[in-house]
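Raw contents of structure32.txt, compact mmCIF, C-alpha atoms:
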# COMPACT_ATOMS: atom_id res chain seq x y z
CA MET A 1 -28.64 19.72 27.09
CA GLY A 2 -32.12 19.47 28.66
CA MET A 3 -33.83 19.97 25.29
CA LEU A 4 -31.64 17.30 23.67
CA ARG A 5 -32.61 14.76 26.33
CA ILE A 6 -36.29 15.59 25.80
CA VAL A 7 -35.89 15.08 22.04
CA LEU A 8 -34.12 11.74 22.58
CA PHE A 9 -36.90 10.66 24.94
CA VAL A 10 -39.66 11.54 22.45
CA LEU A 11 -37.81 9.98 19.52
CA SER A 12 -37.16 6.76 21.43
CA SER A 13 -40.86 6.54 22.31
CA LEU A 14 -41.87 7.03 18.66
CA LEU A 15 -39.37 4.45 17.46
CA LEU A 16 -40.47 1.88 20.03
CA LEU A 17 -44.08 2.31 18.95
CA SER A 18 -43.22 2.01 15.25
CA CYS A 19 -40.92 -1.03 15.41
CA SER A 20 -42.29 -4.53 15.02
CA ASN A 21 -40.84 -7.81 16.22
CA SER A 22 -40.39 -9.06 12.66
CA GLU A 23 -37.57 -11.42 13.53
CA ARG A 24 -37.30 -13.32 16.81
CA THR A 25 -33.89 -13.19 18.44
CA GLN A 26 -32.26 -16.58 18.93
CA PRO A 27 -31.18 -17.40 22.51
CA GLY A 28 -27.60 -16.35 23.18
CA MET A 29 -27.61 -13.86 20.29
CA LEU A 30 -27.66 -10.07 20.03
CA HIS A 31 -29.82 -8.87 17.14
CA ILE A 32 -29.39 -5.38 15.65
CA GLU A 33 -31.78 -3.87 13.12
CA PRO A 34 -31.30 -0.45 11.46
CA VAL A 35 -34.19 2.02 11.73
CA ASP A 36 -34.90 5.40 10.17
CA LEU A 37 -34.40 7.88 12.99
CA PHE A 38 -36.33 10.67 11.28
CA ALA A 39 -39.17 8.74 9.66
CA GLY A 40 -42.61 10.33 9.60
CA ASP A 41 -43.38 12.82 12.37
CA ALA A 42 -39.86 12.40 13.82
CA GLN A 43 -38.48 14.50 10.93
CA LYS A 44 -39.26 17.66 12.93
CA PHE A 45 -36.61 16.70 15.52
CA LYS A 46 -33.73 16.64 13.02
CA PRO A 47 -32.68 20.28 13.72
CA PHE A 48 -32.16 19.38 17.38
CA LEU A 49 -30.07 16.27 16.71
CA GLY A 50 -28.31 17.23 13.47
CA ASP A 51 -27.28 15.21 10.43
CA MET A 52 -24.76 13.09 12.35
CA SER A 53 -27.41 11.05 14.20
CA GLY A 54 -28.80 7.54 14.04
CA ALA A 55 -30.61 4.72 15.76
CA VAL A 56 -30.85 0.93 15.77
CA LYS A 57 -33.29 -1.55 17.26
CA VAL A 58 -31.63 -3.85 19.82
CA SER A 59 -32.96 -7.31 20.77
CA TYR A 60 -31.31 -9.85 23.03
CA GLU A 61 -32.13 -13.07 24.89
CA GLY A 62 -29.51 -14.90 26.94
CA LYS A 63 -27.55 -14.89 30.21
CA LYS A 64 -25.69 -11.55 29.99
CA GLU A 65 -26.51 -8.72 32.41
CA THR A 66 -26.08 -5.67 30.20
CA ILE A 67 -26.11 -4.29 26.67
CA ARG A 68 -22.94 -2.21 26.31
CA ALA A 69 -22.08 0.62 23.92
CA VAL A 70 -18.47 1.67 23.36
CA VAL A 71 -17.05 4.33 21.06
CA GLU A 72 -13.87 3.74 19.07
CA VAL A 73 -11.85 6.58 17.53
CA TRP A 74 -9.85 5.82 14.39
CA GLU A 75 -7.16 8.18 13.10
CA ASN A 76 -5.32 7.69 9.80
CA GLY A 77 -6.62 4.14 9.57
CA VAL A 78 -5.60 3.08 13.11
CA LYS A 79 -7.81 2.63 16.17
CA THR A 80 -6.37 5.10 18.69
CA ASP A 81 -8.89 5.26 21.52
CA ILE A 82 -11.79 3.43 23.19
CA GLY A 83 -14.18 5.62 25.14
CA GLN A 84 -15.91 4.84 28.41
CA ALA A 85 -18.51 2.08 28.19
CA PHE A 86 -22.20 2.97 28.48
CA ASP A 87 -24.40 0.12 29.77
CA THR A 88 -28.09 -0.62 30.13
CA MET A 89 -29.40 -3.57 32.12
CA THR A 90 -31.14 -6.52 30.51
CA ARG A 91 -34.39 -7.75 32.08
CA ALA A 92 -34.73 -10.97 34.06
CA SER A 93 -37.22 -13.58 32.86
CA THR A 94 -37.96 -17.17 33.90
CA ASN A 95 -34.98 -18.86 32.25
CA ASN A 96 -33.03 -16.06 30.55
CA ARG A 97 -32.46 -12.33 30.50
CA HIS A 98 -33.70 -10.20 27.62
CA TYR A 99 -33.65 -6.71 26.13
CA ASP A 100 -35.87 -5.20 23.47
CA GLY A 101 -35.35 -1.51 22.80
CA GLN A 102 -33.40 1.15 20.93
CA PHE A 103 -29.95 2.67 20.87
CA LEU A 104 -29.80 6.30 19.66
CA ILE A 105 -26.83 8.60 19.09
CA SER A 106 -26.25 12.20 18.07
CA VAL A 107 -22.89 13.88 17.35
CA ARG A 108 -22.66 17.67 17.06
CA GLU A 109 -19.84 20.18 17.01
CA SER A 110 -19.13 21.68 20.42
CA ASP A 111 -19.51 25.38 21.15
CA ALA A 112 -15.92 25.17 22.43
CA ASN A 113 -14.49 24.69 18.93
CA ASN A 114 -11.48 26.75 17.92
CA GLU A 115 -9.60 27.40 14.69
CA ALA A 116 -7.10 24.61 15.30
CA SER A 117 -9.29 21.70 16.39
CA THR A 118 -12.86 20.40 16.15
CA ARG A 119 -14.56 19.19 19.32
CA TYR A 120 -17.62 16.95 19.19
CA VAL A 121 -20.43 16.51 21.70
CA VAL A 122 -21.59 12.87 21.64
CA THR A 123 -24.99 12.10 23.17
CA SER A 124 -26.14 8.48 23.23
CA ALA A 125 -29.16 6.79 24.76
CA PHE A 126 -30.70 3.40 25.41
CA ALA A 127 -34.49 3.21 25.56
CA ASP A 128 -37.00 0.42 26.03
CA ASP A 129 -40.64 0.31 27.10
CA SER A 130 -39.78 0.85 30.76
CA GLU A 131 -36.94 3.39 30.89
CA GLN A 132 -34.59 5.67 28.98
CA SER A 133 -31.02 6.54 29.93
CA SER A 134 -28.54 8.82 28.19
CA VAL A 135 -24.93 9.92 28.50
CA ARG A 136 -23.03 12.89 27.08
CA THR A 137 -19.30 13.02 26.34
CA GLU A 138 -16.96 15.32 24.40
CA LEU A 139 -14.18 14.35 22.01
CA ASP A 140 -11.37 16.54 20.69
CA ALA A 141 -10.42 15.51 17.16
CA GLY A 142 -7.02 17.20 17.40
CA ARG A 143 -7.44 18.86 14.02
CA LYS A 144 -9.92 21.11 12.23
CA HIS A 145 -12.37 19.04 10.22
CA MET A 146 -13.65 20.33 6.89
CA ALA A 147 -16.18 17.60 6.01
CA ARG A 148 -18.14 14.80 7.69
CA GLY A 149 -20.20 11.80 6.60
CA LEU A 150 -22.26 9.02 8.16
CA ILE A 151 -21.22 5.37 8.31
CA GLN A 152 -24.48 3.46 8.58
CA LEU A 153 -25.74 -0.05 9.15
CA HIS A 154 -27.92 -0.99 6.18
CA ASP A 155 -28.86 -4.59 7.02
CA SER A 156 -29.86 -6.49 10.14
CA VAL A 157 -27.05 -8.36 11.87
CA GLN A 158 -26.93 -10.97 14.63
CA VAL A 159 -23.87 -11.87 16.74
CA SER A 160 -23.15 -14.18 19.65
CA GLU A 161 -23.31 -12.72 23.17
CA GLY A 162 -19.96 -11.25 24.19
CA GLU A 163 -19.14 -10.37 20.57
CA GLN A 164 -19.03 -6.72 19.53
CA VAL A 165 -20.87 -5.45 16.47
CA ALA A 166 -20.48 -2.03 14.82
CA VAL A 167 -23.88 -0.33 14.55
CA TRP A 168 -23.19 3.33 13.68
CA GLY A 169 -20.34 5.63 12.78
CA MET A 170 -19.19 8.87 11.23
CA GLN A 171 -16.04 9.89 9.41
CA ALA A 172 -14.47 13.32 9.15
CA THR A 173 -11.48 14.83 7.41
CA ASP A 174 -9.36 17.95 7.30
CA GLU A 175 -9.14 17.53 3.51
CA ASN A 176 -11.62 18.19 0.70
CA ALA A 177 -12.46 14.57 -0.10
CA MET A 178 -13.52 11.41 1.73
CA HIS A 179 -13.54 7.72 0.85
CA VAL A 180 -16.72 5.67 0.66
CA MET A 181 -16.77 4.05 4.09
CA ASP A 182 -18.21 1.03 5.87
CA PHE A 183 -17.37 -0.87 9.08
CA SER A 184 -14.85 -3.27 7.57
CA PRO A 185 -11.22 -2.91 8.77
CA GLU A 186 -10.16 -2.57 5.15
CA ARG A 187 -12.28 0.55 4.65
CA LEU A 188 -11.56 2.03 8.09
CA LYS A 189 -7.85 1.96 7.23
CA LEU A 190 -8.66 4.64 4.64
CA ALA A 191 -10.35 7.00 7.11
CA LYS A 192 -8.56 10.17 8.21
CA TRP A 193 -10.74 10.24 11.34
CA ALA A 194 -13.71 8.09 12.31
CA LEU A 195 -15.95 7.47 15.28
CA ILE A 196 -17.41 3.96 15.47
CA VAL A 197 -20.04 2.75 17.96
CA LYS A 198 -20.11 -0.94 18.86
CA LEU A 199 -22.69 -2.84 20.91
CA SER A 200 -22.36 -6.14 22.77
CA ALA A 201 -24.19 -8.23 25.36
CA VAL A 202 -21.85 -8.68 28.32
CA ASP A 203 -21.69 -9.14 32.08
CA GLY A 204 -21.26 -5.90 34.01
CA THR A 205 -17.79 -6.85 35.26
CA GLU A 206 -16.32 -7.47 31.80
CA VAL A 207 -13.67 -4.96 30.70
CA GLU A 208 -13.40 -3.65 27.13
CA LYS A 209 -10.10 -4.22 25.33
Will you turn the file into structure tokens for me?
Amino acid sequence: MGMLRIVLFVLSSLLLLSCSNSERTQPGMLHIEPVDLFAGDAQKFKPFLGDMSGAVKVSYEGKKETIRAVVEVWENGVKTDIGQAFDTMTRASTNNRHYDGQFLISVRESDANNEASTRYVVTSAFADDSEQSSVRTELDAGRKHMARGLIQLHDSVQVSEGEQVAVWGMQATDENAMHVMDFSPERLKLAKWALIVKLSAVDGTEVEK
């Protein structure tokens, strides 16, 4: 686990240095921009994080106290679980609060896997120019998965504060085929099993539903 945190730290530093402020975030809006997690020199870290990994650039300006990440689990086209929220604080400025950093995630099979069920280790991190924080959780899929695939954000997206936006996901199946997948409810209804990460700008006391 120590090595994984070191890799996340180094990757977040590289991504922060390589990202430009190409689009200014409007006040009261959360702006998400996809980035290539393994671009350039970062390619050497792929063996540590695995194929089921990703990152997005996160920008926010407004009144909310935190940027929050939550994980949804979908099974047979139905959302069945919402994991524990993972927050990072926004920064205070003269009139508003702001955040400009990265969200990174890596999902790997657990060493505790057995023949009947696949367990995943999910490591996620927020990083900006002043600090990095990460959290590790485990999920039991309840069945043995045969194949997996990424669900990625391909275009920048901007949402109002308080509104959730899907930024990364993966699907898995115990069968030999998978559907082409995106974040729309129509496509997620076709997933045998999916893990979806959503971000939002919220106050720390707000409860996920």
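The space between atom CA of A:Pro27 and atom CA of A:Gly54 spans 26.4 Å.
Atom CA of A:Lys57 lies 27.8 Å from atom CA of A:Thr80.
Every protein or nucleic acid residue with an atom no more than 12 Å from A:Asp155, counting all atoms listed in the file and leaving out same-chain residues fewer than 4 positions away, appears here: A:His31, A:Ile32, A:Glu33, A:Pro34, A:Val35, A:Val56, A:Lys57, A:Ala166, A:Val167, A:Trp168.
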For a quick check of understanding, using all atoms listed in the file, which of A:Met146, A:Ala92, A:Thr173, A:Val159 has the smallest distance to A:Lys64?
A:Ala92
Cut-off 12 Å around (-5.1, 0.0, 8.5) with all atoms listed in the file: residues as a list in words:
Trp74, Glu75, Asn76, Gly77, Val78, Lys79, Thr80, Ser184, Pro185, Glu186, Arg187, Leu188, Lys189, Leu190, Ala191 and Lys192 of chain A
Show which residues sit within 12 Å of A:Ala172, as a VMD selection string. Count all atoms listed in the file, and ignore same-chain residues fewer than 3 positions away.
chain A and resid 52 73 to 76 107 109 118 to 120 141 to 151 169 175 to 181 188 190 to 196
Missing atoms in stretch 167-185 of chain A: can you complete it with N, CA and C atoms, as a compact mmCIF listing (two decimals), in the frame of the given file?
# COMPACT_ATOMS: atom_id res chain seq x y z
N VAL A 167 -22.50 -0.65 14.89
CA VAL A 167 -23.88 -0.33 14.55
C VAL A 167 -24.04 1.08 13.96
N TRP A 168 -23.07 1.96 14.19
CA TRP A 168 -23.19 3.33 13.68
C TRP A 168 -21.81 3.98 13.69
N GLY A 169 -21.62 4.92 12.78
CA GLY A 169 -20.34 5.63 12.78
C GLY A 169 -20.41 6.91 11.96
N MET A 170 -19.36 7.70 12.08
CA MET A 170 -19.19 8.87 11.23
C MET A 170 -17.71 9.01 10.92
N GLN A 171 -17.42 9.58 9.76
CA GLN A 171 -16.04 9.89 9.41
C GLN A 171 -15.94 11.38 9.19
N ALA A 172 -14.72 11.89 9.35
CA ALA A 172 -14.47 13.32 9.15
C ALA A 172 -13.05 13.47 8.62
N THR A 173 -12.79 14.61 8.01
CA THR A 173 -11.48 14.83 7.41
C THR A 173 -11.13 16.31 7.42
N ASP A 174 -9.84 16.58 7.43
CA ASP A 174 -9.36 17.95 7.30
C ASP A 174 -9.00 18.25 5.84
N GLU A 175 -9.39 17.35 4.94
CA GLU A 175 -9.14 17.53 3.51
C GLU A 175 -10.46 17.79 2.78
N ASN A 176 -10.42 17.87 1.49
CA ASN A 176 -11.62 18.19 0.70
C ASN A 176 -12.31 16.98 0.12
N ALA A 177 -11.85 15.78 0.45
CA ALA A 177 -12.46 14.57 -0.10
C ALA A 177 -12.44 13.47 0.95
N MET A 178 -13.43 12.56 0.84
CA MET A 178 -13.52 11.41 1.73
C MET A 178 -13.74 10.14 0.92
N HIS A 179 -13.30 9.02 1.48
CA HIS A 179 -13.54 7.72 0.85
C HIS A 179 -14.94 7.22 1.20
N VAL A 180 -15.51 6.40 0.32
CA VAL A 180 -16.72 5.67 0.66
C VAL A 180 -16.38 4.72 1.80
N MET A 181 -17.18 4.73 2.87
CA MET A 181 -16.77 4.05 4.09
C MET A 181 -17.83 3.06 4.56
N ASP A 182 -17.35 1.94 5.14
CA ASP A 182 -18.21 1.03 5.87
C ASP A 182 -17.46 0.57 7.12
N PHE A 183 -17.96 -0.46 7.81
CA PHE A 183 -17.37 -0.87 9.08
C PHE A 183 -16.24 -1.88 8.95
N SER A 184 -15.90 -2.28 7.75
CA SER A 184 -14.85 -3.27 7.57
C SER A 184 -13.48 -2.65 7.89
N PRO A 185 -12.56 -3.44 8.49
CA PRO A 185 -11.22 -2.91 8.77
C PRO A 185 -10.52 -2.38 7.53
